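my_file.cif follows; it contains mmCIF, C-alpha atoms.
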```
data_model
loop_
_atom_site.label_atom_id
_atom_site.label_comp_id
_atom_site.auth_asym_id
_atom_site.auth_seq_id
_atom_site.Cartn_x
_atom_site.Cartn_y
_atom_site.Cartn_z
CA MET K 1 0.00 0.00 0.00
CA ILE K 2 2.85 2.34 0.87
CA SER K 3 4.53 1.64 -2.46
CA ALA K 4 1.30 2.45 -4.32
CA LEU K 5 0.95 5.64 -2.32
CA ILE K 6 4.49 6.72 -3.22
CA ILE K 7 4.18 5.85 -6.91
CA VAL K 8 0.87 7.66 -7.35
CA PHE K 9 2.03 10.61 -5.28
CA ARG K 10 5.16 10.98 -7.42
CA GLU K 11 2.99 11.02 -10.53
CA VAL K 12 0.49 13.56 -9.26
CA ILE K 13 2.98 16.06 -7.80
CA GLU K 14 3.27 17.85 -11.12
CA ALA K 15 -0.45 18.25 -11.66
CA GLY K 16 -0.86 19.27 -8.01
CA LEU K 17 1.71 22.06 -8.24
CA ILE K 18 0.28 23.36 -11.48
CA VAL K 19 -3.27 23.48 -10.11
CA GLY K 20 -1.97 25.41 -7.07
CA ILE K 21 -0.17 27.94 -9.24
CA VAL K 22 -3.16 28.36 -11.56
CA LEU K 23 -5.48 28.94 -8.58
CA ALA K 24 -3.13 31.60 -7.23
CA ALA K 25 -2.73 33.22 -10.65
CA THR K 26 -6.52 33.57 -10.86
CA THR K 27 -7.09 34.86 -7.33
CA GLY K 28 -10.33 36.80 -7.19
CA VAL K 29 -11.39 35.92 -10.73
CA PRO K 30 -15.02 34.81 -10.75
CA GLY K 31 -15.64 31.41 -12.31
CA ARG K 32 -12.14 30.14 -11.68
CA GLU K 33 -13.30 27.18 -9.57
CA ARG K 34 -15.45 26.10 -12.47
CA ALA K 35 -12.60 26.52 -14.96
CA VAL K 36 -10.17 24.54 -12.80
CA THR K 37 -12.75 21.82 -12.10
CA ILE K 38 -13.52 21.48 -15.80
CA GLY K 39 -9.78 21.31 -16.48
CA VAL K 40 -9.30 18.55 -13.91
CA LEU K 41 -12.33 16.54 -15.06
CA ALA K 42 -11.40 16.84 -18.73
CA GLY K 43 -7.87 15.81 -17.78
CA VAL K 44 -9.11 12.72 -15.92
CA LEU K 45 -11.39 11.77 -18.80
CA GLY K 46 -8.54 12.28 -21.26
CA ALA K 47 -6.23 10.25 -19.02
CA CYS K 48 -8.67 7.32 -19.05
CA LEU K 49 -8.91 7.52 -22.85
CA VAL K 50 -5.13 7.69 -23.25
CA ALA K 51 -4.70 4.79 -20.82
CA GLY K 52 -7.31 2.76 -22.70
CA PHE K 53 -5.57 3.32 -26.03
CA ALA K 54 -2.02 3.36 -24.67
CA GLY K 55 -0.96 0.41 -26.79
CA GLU K 56 -2.39 1.87 -30.01
CA LEU K 57 -0.96 5.31 -29.22
CA ALA K 58 2.51 3.93 -28.59
CA ASN K 59 2.51 2.12 -31.93
CA LEU K 60 1.99 5.28 -33.96
CA PHE K 61 4.97 6.95 -35.68
CA GLN K 62 7.19 3.85 -35.69
CA GLY K 63 6.65 3.26 -31.99
CA SER K 64 7.24 6.85 -30.91
CA GLY K 65 3.57 7.81 -30.60
CA GLN K 66 3.69 8.21 -26.84
CA GLU K 67 6.65 10.59 -27.00
CA PHE K 68 5.14 12.71 -29.78
CA PHE K 69 1.76 12.85 -28.10
CA ASN K 70 3.25 13.98 -24.79
CA ALA K 71 5.52 16.50 -26.53
CA THR K 72 2.53 17.93 -28.41
CA ILE K 73 0.38 18.42 -25.33
CA LEU K 74 3.35 19.91 -23.45
CA LEU K 75 3.88 22.43 -26.24
CA LEU K 76 0.15 23.22 -26.13
CA ALA K 77 0.55 23.98 -22.43
CA VAL K 78 3.60 26.15 -23.16
CA ALA K 79 1.52 28.13 -25.66
CA MET K 80 -1.32 28.60 -23.16
CA LEU K 81 1.03 29.65 -20.36
CA THR K 82 2.72 32.12 -22.71
CA TRP K 83 -0.62 33.53 -23.73
CA HIS K 84 -1.64 33.92 -20.09
CA ASN K 85 1.56 35.76 -19.20
CA VAL K 86 1.37 38.05 -22.19
CA TRP K 87 -2.23 38.84 -21.40
CA MET K 88 -1.31 39.49 -17.77
CA ALA K 89 1.45 41.85 -18.85
CA SER K 90 -1.15 44.20 -20.29
CA HIS K 91 -3.88 43.64 -17.68
CA GLY K 92 -1.98 42.58 -14.58
CA ARG K 93 -1.78 46.03 -13.05
CA GLU K 94 -5.49 46.54 -13.45
CA MET K 95 -6.13 43.13 -11.89
CA ALA K 96 -3.83 43.84 -8.94
CA ARG K 97 -5.67 47.12 -8.34
CA GLU K 98 -9.02 45.38 -8.39
CA LEU K 99 -7.71 42.69 -6.06
CA LYS K 100 -6.36 45.22 -3.56
CA ALA K 101 -9.68 47.02 -3.36
CA ALA K 102 -11.17 44.72 -0.73
CA GLY K 103 -14.32 42.80 -1.62
CA HIS K 104 -13.82 43.40 -5.30
CA GLN K 105 -13.81 40.64 -7.80
CA VAL K 106 -11.21 40.63 -10.53
CA ARG K 107 -13.58 40.78 -13.50
CA THR K 108 -10.72 41.51 -15.90
CA GLY K 109 -9.22 38.08 -15.27
CA GLU K 110 -12.00 36.06 -16.84
CA ARG K 111 -10.53 36.10 -20.33
CA THR K 112 -7.47 34.09 -19.38
CA LEU K 113 -9.40 31.34 -17.59
CA THR K 114 -9.80 29.17 -20.68
CA ALA K 115 -6.06 29.09 -21.30
CA LEU K 116 -5.36 28.10 -17.72
CA SER K 117 -8.15 25.54 -17.74
CA ILE K 118 -6.41 23.87 -20.69
CA VAL K 119 -3.09 23.95 -18.81
CA VAL K 120 -4.69 22.17 -15.84
CA GLY K 121 -6.30 19.62 -18.14
CA VAL K 122 -3.01 18.87 -19.85
CA ALA K 123 -1.17 18.51 -16.54
CA VAL K 124 -3.75 16.05 -15.23
CA LEU K 125 -3.88 14.17 -18.53
CA ARG K 126 -0.13 13.65 -18.71
CA GLU K 127 0.51 12.10 -15.34
CA GLY K 128 -3.03 10.83 -14.96
CA SER K 129 -2.87 8.25 -17.73
CA GLU K 130 0.01 6.54 -15.91
CA VAL K 131 -1.91 6.55 -12.64
CA VAL K 132 -4.96 5.10 -14.38
CA LEU K 133 -2.91 2.30 -15.95
CA PHE K 134 -1.22 1.55 -12.66
CA LEU K 135 -4.35 1.51 -10.51
CA TYR K 136 -6.43 -0.27 -13.15
CA GLY K 137 -3.84 -3.03 -13.43
CA ILE K 138 -3.81 -3.55 -9.69
CA ALA K 139 -7.56 -3.39 -9.28
CA ALA K 140 -7.99 -5.88 -12.13
CA GLN K 141 -5.85 -8.43 -10.29
CA GLY K 142 -8.20 -8.31 -7.31
CA GLY K 143 -7.48 -9.67 -3.82
CA THR K 144 -6.73 -7.95 -0.53
CA THR K 145 -3.30 -6.70 -1.56
CA ALA K 146 -4.97 -5.08 -4.54
CA ALA K 147 -7.51 -3.39 -2.26
CA GLY K 148 -4.69 -2.07 -0.09
CA MET K 149 -2.78 -0.81 -3.09
CA VAL K 150 -5.82 0.92 -4.54
CA ALA K 151 -6.33 2.54 -1.12
CA GLY K 152 -2.68 3.60 -1.19
CA GLY K 153 -3.19 5.02 -4.65
CA GLY K 154 -6.20 6.97 -3.39
CA LEU K 155 -4.09 8.43 -0.59
CA GLY K 156 -1.41 9.31 -3.16
CA LEU K 157 -4.03 11.23 -5.15
CA ALA K 158 -5.08 13.03 -1.98
CA GLY K 159 -1.40 13.90 -1.50
CA GLY K 160 -1.52 15.67 -4.86
CA ALA K 161 -4.46 17.74 -3.61
CA VAL K 162 -2.47 18.64 -0.48
CA ILE K 163 0.43 19.82 -2.68
CA SER K 164 -2.03 22.02 -4.61
CA ALA K 165 -3.33 23.50 -1.37
CA LEU K 166 0.16 24.16 0.02
CA MET K 167 1.25 25.85 -3.20
CA TYR K 168 -1.92 27.92 -3.36
CA PHE K 169 -2.00 29.08 0.27
CA GLY K 170 1.76 29.68 0.20
CA LEU K 171 1.34 31.96 -2.80
CA LEU K 172 -1.58 33.77 -1.16
CA LYS K 173 0.89 35.00 1.49
CA VAL K 174 2.40 37.18 -1.24
CA PRO K 175 1.00 40.74 -0.94
CA ALA K 176 -1.88 41.35 -3.37
CA GLY K 177 0.04 44.03 -5.27
CA LYS K 178 2.87 41.60 -6.07
CA LEU K 179 0.90 38.35 -6.39
CA PHE K 180 0.41 38.44 -10.15
CA GLN K 181 4.05 39.36 -10.72
CA VAL K 182 5.09 36.31 -8.70
CA THR K 183 2.67 33.98 -10.49
CA SER K 184 3.80 35.34 -13.88
CA GLY K 185 7.40 34.58 -12.92
CA LEU K 186 6.47 31.06 -11.80
CA ILE K 187 4.49 30.46 -14.97
CA THR K 188 7.43 31.59 -17.13
CA LEU K 189 9.72 29.00 -15.51
CA LEU K 190 6.97 26.37 -15.64
CA ALA K 191 6.60 26.94 -19.39
CA ALA K 192 10.37 26.89 -19.97
CA GLY K 193 10.68 23.59 -18.10
CA MET K 194 7.85 22.10 -20.16
CA ALA K 195 9.49 23.23 -23.41
CA ALA K 196 12.76 21.58 -22.36
CA GLN K 197 10.87 18.39 -21.48
CA ALA K 198 9.09 18.46 -24.85
CA VAL K 199 12.44 18.66 -26.64
CA LEU K 200 13.72 15.67 -24.69
CA LEU K 201 10.60 13.67 -25.61
CA LEU K 202 10.99 14.57 -29.29
CA GLN K 203 14.60 13.40 -29.08
CA ASN K 204 13.52 10.14 -27.46
CA GLY K 205 11.11 9.78 -30.38
CA GLY K 206 13.95 10.22 -32.86
CA LEU K 207 13.38 13.87 -33.84
CA LEU K 208 15.57 16.93 -33.24
CA GLU K 209 18.58 14.82 -32.41
CA TYR K 210 20.92 17.79 -32.12
CA PHE K 211 23.01 18.95 -29.16
CA THR K 212 22.21 15.74 -27.35
CA SER K 213 25.32 15.61 -25.18
CA THR K 214 24.99 16.39 -21.50
CA VAL K 215 26.12 19.90 -20.63
CA TRP K 216 26.43 19.46 -16.87
CA ASP K 217 25.57 16.84 -14.28
CA THR K 218 24.24 17.70 -10.84
CA SER K 219 22.95 14.23 -9.97
CA TRP K 220 25.38 14.22 -7.00
CA LEU K 221 23.38 17.12 -5.56
CA ILE K 222 19.73 16.47 -6.45
CA ARG K 223 18.63 13.37 -8.29
CA ASP K 224 15.81 13.58 -10.85
CA ASP K 225 13.98 10.67 -9.24
CA SER K 226 13.97 12.15 -5.72
CA ILE K 227 10.89 14.02 -4.52
CA THR K 228 12.92 17.27 -4.38
CA GLY K 229 14.08 16.61 -7.93
CA LYS K 230 10.49 16.05 -9.08
CA LEU K 231 9.27 19.24 -7.37
CA LEU K 232 12.08 21.30 -8.88
CA HIS K 233 11.56 19.62 -12.25
CA THR K 234 7.97 20.84 -12.36
CA LEU K 235 8.58 24.27 -10.87
CA ILE K 236 11.74 25.38 -12.68
CA GLY K 237 12.38 22.53 -15.12
CA TYR K 238 15.26 21.07 -13.11
CA SER K 239 17.10 18.22 -14.80
CA GLU K 240 20.11 16.48 -13.26
CA ALA K 241 21.90 16.26 -16.60
CA PRO K 242 20.38 18.59 -19.20
CA ASN K 243 21.58 18.38 -22.79
CA GLY K 244 22.31 21.30 -25.10
CA ALA K 245 18.98 21.23 -26.92
CA GLN K 246 17.05 21.24 -23.63
CA LEU K 247 18.98 24.28 -22.41
CA ILE K 248 18.41 26.08 -25.71
CA ALA K 249 14.65 25.36 -25.51
CA TYR K 250 14.58 26.56 -21.90
CA GLY K 251 16.44 29.79 -22.62
CA ALA K 252 14.47 30.48 -25.81
CA THR K 253 11.13 30.04 -24.01
CA VAL K 254 12.07 32.40 -21.18
CA ALA K 255 13.35 34.96 -23.71
CA MET K 256 10.24 34.63 -25.90
CA ILE K 257 7.85 35.12 -22.98
CA LEU K 258 9.77 38.08 -21.54
CA ILE K 259 10.05 39.81 -24.92
CA LEU K 260 6.35 39.31 -25.70
CA MET K 261 5.39 40.58 -22.23
CA ARG K 262 7.54 43.66 -22.73
CA LEU K 263 6.09 44.31 -26.18
CA VAL K 264 2.47 44.30 -25.01
CA ASN K 265 3.33 46.07 -21.77
CA ALA K 266 4.92 49.07 -23.49
CA PRO K 267 1.72 50.51 -24.99
CA ALA K 268 -0.23 49.64 -21.83
CA ALA K 269 2.25 51.52 -19.63
CA LYS K 270 2.12 54.52 -21.95
CA GLN K 271 -1.66 54.55 -21.75
CA ALA K 272 -1.54 54.38 -17.95
CA LYS K 273 0.87 57.31 -17.86
CA ALA K 274 -1.34 59.31 -20.19
CA LYS K 275 -4.32 58.68 -17.92
CA HIS K 276 -2.45 59.93 -14.86
CA ALA K 277 -1.19 63.05 -16.62
CA MET N 278 21.72 -28.45 -12.36
CA LYS N 279 23.24 -25.34 -10.87
CA ARG N 280 25.98 -25.44 -13.44
CA LEU N 281 23.41 -25.74 -16.19
CA ALA N 282 21.53 -22.73 -14.85
CA PHE N 283 24.78 -20.79 -14.76
CA ALA N 284 25.60 -21.76 -18.33
CA LEU N 285 22.09 -20.69 -19.39
CA THR N 286 22.47 -17.25 -17.82
CA LEU N 287 25.79 -16.87 -19.62
CA ILE N 288 24.05 -17.52 -22.91
CA ALA N 289 20.96 -15.54 -22.01
CA THR N 290 22.24 -12.36 -20.37
CA PRO N 291 24.50 -10.42 -22.70
CA ALA N 292 22.54 -8.72 -25.44
CA PHE N 293 24.60 -6.76 -27.94
CA ALA N 294 23.80 -3.68 -29.90
CA ASP N 295 23.63 -5.12 -33.40
CA GLY N 296 20.12 -4.13 -34.33
CA PRO N 297 17.34 -3.70 -31.78
CA ILE N 298 17.70 -5.54 -28.50
CA GLU N 299 14.69 -7.54 -27.42
CA VAL N 300 13.89 -7.42 -23.74
CA HIS N 301 11.00 -9.15 -22.04
CA LEU N 302 9.27 -8.12 -18.86
CA LYS N 303 7.65 -11.10 -17.16
CA ASN N 304 6.52 -11.48 -13.56
CA HIS N 305 7.86 -7.93 -13.13
CA LYS N 306 11.41 -8.95 -14.03
CA PHE N 307 13.45 -7.89 -17.04
CA SER N 308 15.22 -10.52 -19.10
CA PRO N 309 17.89 -9.90 -19.96
CA SER N 310 18.35 -7.45 -17.12
CA VAL N 311 21.88 -6.60 -18.18
CA ILE N 312 21.90 -5.01 -21.62
CA LYS N 313 25.19 -4.23 -23.30
CA VAL N 314 25.30 -1.55 -25.97
CA LYS N 315 28.13 0.02 -27.93
CA ALA N 316 29.27 3.30 -26.43
CA ASN N 317 28.72 6.51 -28.42
CA LYS N 318 26.18 4.86 -30.71
CA PRO N 319 22.40 5.08 -30.45
CA SER N 320 20.61 1.80 -29.88
CA MET N 321 17.09 0.52 -29.53
CA ILE N 322 15.41 -1.70 -27.00
CA ILE N 323 12.20 -3.46 -27.96
CA LEU N 324 10.50 -4.11 -24.67
CA TYR N 325 7.79 -6.77 -24.57
CA ASN N 326 5.61 -6.54 -21.51
CA ASP N 327 4.45 -10.13 -21.06
CA ASP N 328 2.62 -9.32 -17.83
CA ASP N 329 -1.07 -8.49 -17.52
CA MET N 330 -0.27 -5.17 -15.89
CA ALA N 331 1.26 -2.02 -17.26
CA ASP N 332 4.65 -0.86 -16.13
CA GLU N 333 6.78 2.18 -16.77
CA PHE N 334 10.30 1.76 -18.12
CA ASP N 335 11.99 4.45 -16.12
CA SER N 336 15.58 5.62 -15.99
CA SER N 337 16.75 9.03 -14.93
CA SER N 338 20.26 8.38 -16.24
CA LEU N 339 18.90 7.32 -19.65
CA LYS N 340 16.29 10.11 -19.40
CA ILE N 341 13.49 7.79 -20.43
CA GLU N 342 10.04 7.32 -18.97
CA ARG N 343 7.90 5.08 -21.05
CA VAL N 344 4.63 3.45 -20.08
CA VAL N 345 4.14 -0.02 -21.53
CA PRO N 346 0.64 -1.50 -21.11
CA GLY N 347 0.21 -5.20 -20.33
CA HIS N 348 0.87 -7.49 -23.32
CA ALA N 349 2.17 -4.61 -25.42
CA LYS N 350 5.57 -3.78 -26.81
CA ALA N 351 7.48 -0.54 -26.87
CA ASN N 352 10.35 0.67 -29.00
CA ILE N 353 12.67 2.49 -26.66
CA ARG N 354 15.39 4.57 -28.24
CA ILE N 355 18.60 4.88 -26.32
CA ARG N 356 20.68 7.91 -27.18
CA ALA N 357 24.43 7.57 -27.85
CA LEU N 358 25.89 6.89 -24.42
CA ALA N 359 29.28 7.60 -22.93
CA PRO N 360 30.86 4.41 -21.56
CA GLY N 361 29.29 3.56 -18.21
CA LYS N 362 26.39 1.95 -16.39
CA TYR N 363 22.86 3.24 -16.72
CA PRO N 364 20.39 1.60 -14.35
CA PHE N 365 16.71 1.38 -15.26
CA MET N 366 13.62 0.01 -13.56
CA GLY N 367 9.97 -0.73 -14.01
CA GLU N 368 8.65 2.04 -11.85
CA PHE N 369 5.39 0.32 -10.92
CA PHE N 370 7.18 -2.80 -9.64
CA SER N 371 10.61 -1.49 -8.84
CA LYS N 372 11.22 -4.12 -6.16
CA THR N 373 11.83 -6.76 -8.80
CA ALA N 374 11.88 -4.90 -12.11
CA GLN N 375 15.46 -3.71 -12.17
CA GLY N 376 18.06 -3.68 -14.90
CA VAL N 377 21.08 -1.90 -16.24
CA VAL N 378 22.34 -0.75 -19.61
CA ILE N 379 26.09 -1.02 -19.91
CA ALA N 380 27.71 1.06 -22.65
CA GLU N 381 31.20 -0.04 -23.60
#
```
As structure tokens, please, write out the structure in this file.
Amino acid sequence: MISALIIVFREVIEAGLIVGIVLAATTGVPGRERAVTIGVLAGVLGACLVAGFAGELANLFQGSGQEFFNATILLLAVAMLTWHNVWMASHGREMARELKAAGHQVRTGERTLTALSIVVGVAVLREGSEVVLFLYGIAAQGGTTAAGMVAGGGLGLAGGAVISALMYFGLLKVPAGKLFQVTSGLITLLAAGMAAQAVLLLQNGGLLEYFTSTVWDTSWLIRDDSITGKLLHTLIGYSEAPNGAQLIAYGATVAMILILMRLVNAPAAKQAKAKHA
Amino acid sequence: MKRLAFALTLIATPAFADGPIEVHLKNHKFSPSVIKVKANKPSMIILYNDDDMADEFDSSSLKIERVVPGHAKANIRIRALAPGKYPFMGEFFSKTAQGVVIAE
């Protein structure tokens, strides 16, 4: 039962952290519970579908279907996170003002909910299909051990919810005026880490096989398969031995998001100045 | 009998990197569990999961996480490796599903 708990918990950490960050990034936005719930439910449904067709999926593209599918949905999440950040760059100040005015709802935030709902769905879908396969396999065997392991798996899932809550309430300690800046920063690193992971998956699938040698190795410090490694992997894209292409993808994503944010922010800042004058 | 078993493992264990290497997962154990590949050359493992249950071929040193459903096979590409040992496991049954890729 303990082993099932640990395995499931390790799989759901990522989705848990992302849900926590998304909840914090949408603080005060009406309808966000609905958007996150829809994201989670769609993710679970998708995970069951992917698990059910795992064999067929894997056989696509000369046996690299799983890698390409995961890379594609990761890149979709990167696009959605980018869009959210860029949108926040032009509306964030307005949202922070609304949030600071006590009792006010952040009406301006509603437009970005769909993007974040998709991000949540993708996060749940990715790790969820593995959890479904694991738990289904155990449940199908039957017996008391199976019951214990399914219970362990359930506790592991609950652990993911606890991670979400910790991340969310931790972020809420950030002063309202700075909250959206902090979540934008987190989302930038989240997106960069996902882009690096997508590149690795494409390489494992036989595409983009450039700059594949390891640039540095910090496995002596934090191992990828430790819980700390997993947490850092999700939050900032930590990898114990990144290769050149991963680092390029990481750097390019951070640069792209920051440049886009600056571009849309420039006219917005000018407008704000003009209003004050 | 023991000697025969030993001789059988000698024949059975080393798998070399000429073409894809077939590996079976049965009763949550890899066979062969020691896979030799040529260093600095990409290789491919074809993993047959002969169990009823899914498992995940997982190796942080090989940077591969690959779910393989029960009674399915997976083509697992191994990048060109520097000489060394690269442990892997079946994450769902890591107590018994353990193996290592040796690049030399």
For chain K, list the residues within 8 Å of chain N, counting all atoms listed in the file, and write the list as an mmCIF file with C-alpha atoms, in the coordinates of the input.
```cif
data_model
loop_
_atom_site.group_PDB
_atom_site.id
_atom_site.type_symbol
_atom_site.label_atom_id
_atom_site.label_comp_id
_atom_site.auth_asym_id
_atom_site.auth_seq_id
_atom_site.Cartn_x
_atom_site.Cartn_y
_atom_site.Cartn_z
ATOM 1 C CA ILE K 7 4.180 5.850 -6.910
ATOM 2 C CA ALA K 54 -2.020 3.360 -24.670
ATOM 3 C CA GLY K 55 -0.960 0.410 -26.790
ATOM 4 C CA ALA K 58 2.510 3.930 -28.590
ATOM 5 C CA ASN K 59 2.510 2.120 -31.930
ATOM 6 C CA GLY K 63 6.650 3.260 -31.990
ATOM 7 C CA SER K 64 7.240 6.850 -30.910
ATOM 8 C CA GLN K 66 3.690 8.210 -26.840
ATOM 9 C CA GLU K 130 0.010 6.540 -15.910
ATOM 10 C CA LEU K 133 -2.910 2.300 -15.950
ATOM 11 C CA PHE K 134 -1.220 1.550 -12.660
ATOM 12 C CA GLY K 137 -3.840 -3.030 -13.430
ATOM 13 C CA ILE K 138 -3.810 -3.550 -9.690
ATOM 14 C CA ASN K 204 13.520 10.140 -27.460
ATOM 15 C CA GLY K 205 11.110 9.780 -30.380
ATOM 16 C CA GLY K 206 13.950 10.220 -32.860
ATOM 17 C CA THR K 212 22.210 15.740 -27.350
ATOM 18 C CA ASP K 224 15.810 13.580 -10.850
ATOM 19 C CA ASP K 225 13.980 10.670 -9.240
#
```
Legend entry - Non-local contacts of Phe307 of chain N (6 Å; all atoms listed in the file; under 5 positions in same chain excluded) as a ChimeraX atom specification: /N:301-302,374
Dump of C-alpha atoms for the selected residues, as a CSV table (one decimal), in the coordinates of the input:
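Result went into selection.csv, see below:
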```csv
chain,number,residue,atom,x,y,z
N,301,HIS,CA,11.0,-9.2,-22.0
N,302,LEU,CA,9.3,-8.1,-18.9
N,374,ALA,CA,11.9,-4.9,-12.1
```
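Interatomic distance, atom CA of Ala96 of chain K to atom CA of Gly121 of chain K: 26.0 Å.
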Inset, instruction - Quick one: pull the distance between atom CA of Ala147 of chain K and atom CA of Met1 of chain K, Å, one decimal. - result: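 Interatomic distance, atom CA of Ala147 of chain K to atom CA of Met1 of chain K: 8.5 Å.
Against the coordinates shown, the PyMOL selection byres ((chain N and resi 318) around 12) returns Ala294, Asp295, Gly296, Lys313, Val314, Lys315, Ala316, Asn317, Pro319, Ser320, Met321, Arg354, Ile355, Arg356, Ala357, Leu358, Ala359, Pro360, Ala380 and Glu381 of chain N.
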Legend entry - For atom CA of Val19 of chain K and atom CA of Ala123 of chain K, the interatomic separation in Å (one decimal):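 Atom CA of Ala123 of chain K lies at a distance of 8.4 Å from atom CA of Val19 of chain K.
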Neighbours of point (-17.3, 32.2, -11.1) within 12 Å, using only C-alpha atoms, written as a compact mmCIF listing (two decimals) with C-alpha atoms, in the frame of the given file:
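Result written to point_25.txt:
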```
# COMPACT_ATOMS: atom_id res chain seq x y z
CA THR K 26 -6.52 33.57 -10.86
CA THR K 27 -7.09 34.86 -7.33
CA GLY K 28 -10.33 36.80 -7.19
CA VAL K 29 -11.39 35.92 -10.73
CA PRO K 30 -15.02 34.81 -10.75
CA GLY K 31 -15.64 31.41 -12.31
CA ARG K 32 -12.14 30.14 -11.68
CA GLU K 33 -13.30 27.18 -9.57
CA ARG K 34 -15.45 26.10 -12.47
CA ALA K 35 -12.60 26.52 -14.96
CA VAL K 36 -10.17 24.54 -12.80
CA THR K 37 -12.75 21.82 -12.10
CA GLN K 105 -13.81 40.64 -7.80
CA VAL K 106 -11.21 40.63 -10.53
CA ARG K 107 -13.58 40.78 -13.50
CA GLY K 109 -9.22 38.08 -15.27
CA GLU K 110 -12.00 36.06 -16.84
CA LEU K 113 -9.40 31.34 -17.59
```
Inset, instruction - Find the residues around Lys178 of chain K up to 12 Å (all atoms listed in the file counted), leave out those fewer than 3 positions away in its own chain, and share them as a list in words. - result: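 That gives Ala24, Ala25, Gly92, Arg93, Met95, Ala96, Arg97, Leu99, Lys100, Leu171, Leu172, Lys173, Val174, Pro175, Gln181, Val182, Thr183, Ser184 and Gly185 of chain K.
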Legend entry - Pick from K:Ile227, K:Leu221, K:Ala79, K:Val199 nearest to Pro242 of chain K, counting all atoms listed in the file: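 Result for the nearest residue to Pro242 of chain K: K:Val199.
Here the PyMOL selection byres ((chain K and resi 219) around 12) matches the residues Thr214, Trp216, Asp217, Thr218, Trp220, Leu221, Ile222, Arg223, Asp224, Asp225, Ser226, Thr228, Gly229, Tyr238, Ser239, Glu240, Ala241 and Pro242 of chain K; Ser337 and Ser338 of chain N.
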Resulting file, chosen residues, C-alpha atoms, as a PDB file, in the coordinates of the input:
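And here is the file that came out, selection-v4.pdb:
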```pdb
ATOM      1  CA  THR K 214      24.990  16.390 -21.500  1.00  0.00           C
ATOM      2  CA  TRP K 216      26.430  19.460 -16.870  1.00  0.00           C
ATOM      3  CA  ASP K 217      25.570  16.840 -14.280  1.00  0.00           C
ATOM      4  CA  THR K 218      24.240  17.700 -10.840  1.00  0.00           C
ATOM      5  CA  TRP K 220      25.380  14.220  -7.000  1.00  0.00           C
ATOM      6  CA  LEU K 221      23.380  17.120  -5.560  1.00  0.00           C
ATOM      7  CA  ILE K 222      19.730  16.470  -6.450  1.00  0.00           C
ATOM      8  CA  ARG K 223      18.630  13.370  -8.290  1.00  0.00           C
ATOM      9  CA  ASP K 224      15.810  13.580 -10.850  1.00  0.00           C
ATOM     10  CA  ASP K 225      13.980  10.670  -9.240  1.00  0.00           C
ATOM     11  CA  SER K 226      13.970  12.150  -5.720  1.00  0.00           C
ATOM     12  CA  THR K 228      12.920  17.270  -4.380  1.00  0.00           C
ATOM     13  CA  GLY K 229      14.080  16.610  -7.930  1.00  0.00           C
ATOM     14  CA  TYR K 238      15.260  21.070 -13.110  1.00  0.00           C
ATOM     15  CA  SER K 239      17.100  18.220 -14.800  1.00  0.00           C
ATOM     16  CA  GLU K 240      20.110  16.480 -13.260  1.00  0.00           C
ATOM     17  CA  ALA K 241      21.900  16.260 -16.600  1.00  0.00           C
ATOM     18  CA  PRO K 242      20.380  18.590 -19.200  1.00  0.00           C
TER      19      PRO K 242
ATOM     20  CA  SER N 337      16.750   9.030 -14.930  1.00  0.00           C
ATOM     21  CA  SER N 338      20.260   8.380 -16.240  1.00  0.00           C
TER      22      SER N 338
END
```
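Closest approach to Thr82 of chain K among K:Ala191, K:Met149, K:Leu5, K:Ala255 is made by K:Ala191 (distances from only C-alpha atoms).
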Inset, instruction - Take the point (10.3, 22.0, -24.0) in the file's coordinates, draw a sphere of radius 9 Å around it, and report as JSON, numbers by chain every protein, DNA or RNA residue with an atom inside or on it, counting only C-alpha atoms. - result: {"K": [71, 74, 75, 78, 191, 192, 193, 194, 195, 196, 197, 198, 199, 200, 201, 246, 249, 250, 253]}
Inset, instruction - Give the answer as one residue: which of N:Pro297, N:Gly361, N:Val311, N:Gly376 has the shortest atom-to-atom distance to Phe334 of chain N, using all atoms listed in the file? - result: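 Closest residue, counting all atoms listed in the file: N:Gly376.
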Legend entry - Residues within 7 Å of Ile6 of chain K, all atoms listed in the file, excluding chain neighbours under 4 positions, as number ranges by chain: K: 2, 10, 156
Missing atoms in segment 338-344 of chain N need filling: write out N, CA and C atoms for it as a JSON list (two decimals), in the frame of the given file.
```json
[["chain", "number", "residue", "atom", "x", "y", "z"],
["N", 338, "SER", "N", 18.97, 8.20, -15.57],
["N", 338, "SER", "CA", 20.26, 8.38, -16.24],
["N", 338, "SER", "C", 20.12, 8.24, -17.76],
["N", 339, "LEU", "N", 19.15, 7.42, -18.21],
["N", 339, "LEU", "CA", 18.90, 7.32, -19.65],
["N", 339, "LEU", "C", 17.91, 8.40, -20.10],
["N", 340, "LYS", "N", 17.29, 9.07, -19.13],
["N", 340, "LYS", "CA", 16.29, 10.11, -19.40],
["N", 340, "LYS", "C", 15.11, 9.54, -20.17],
["N", 341, "ILE", "N", 14.63, 8.41, -19.74],
["N", 341, "ILE", "CA", 13.49, 7.79, -20.43],
["N", 341, "ILE", "C", 12.42, 7.42, -19.41],
["N", 342, "GLU", "N", 11.19, 7.80, -19.72],
["N", 342, "GLU", "CA", 10.04, 7.32, -18.97],
["N", 342, "GLU", "C", 9.05, 6.86, -20.01],
["N", 343, "ARG", "N", 8.74, 5.58, -19.99],
["N", 343, "ARG", "CA", 7.90, 5.08, -21.05],
["N", 343, "ARG", "C", 6.93, 4.06, -20.48],
["N", 344, "VAL", "N", 5.64, 4.38, -20.57],
["N", 344, "VAL", "CA", 4.63, 3.45, -20.08],
["N", 344, "VAL", "C", 4.41, 2.34, -21.10]]
```
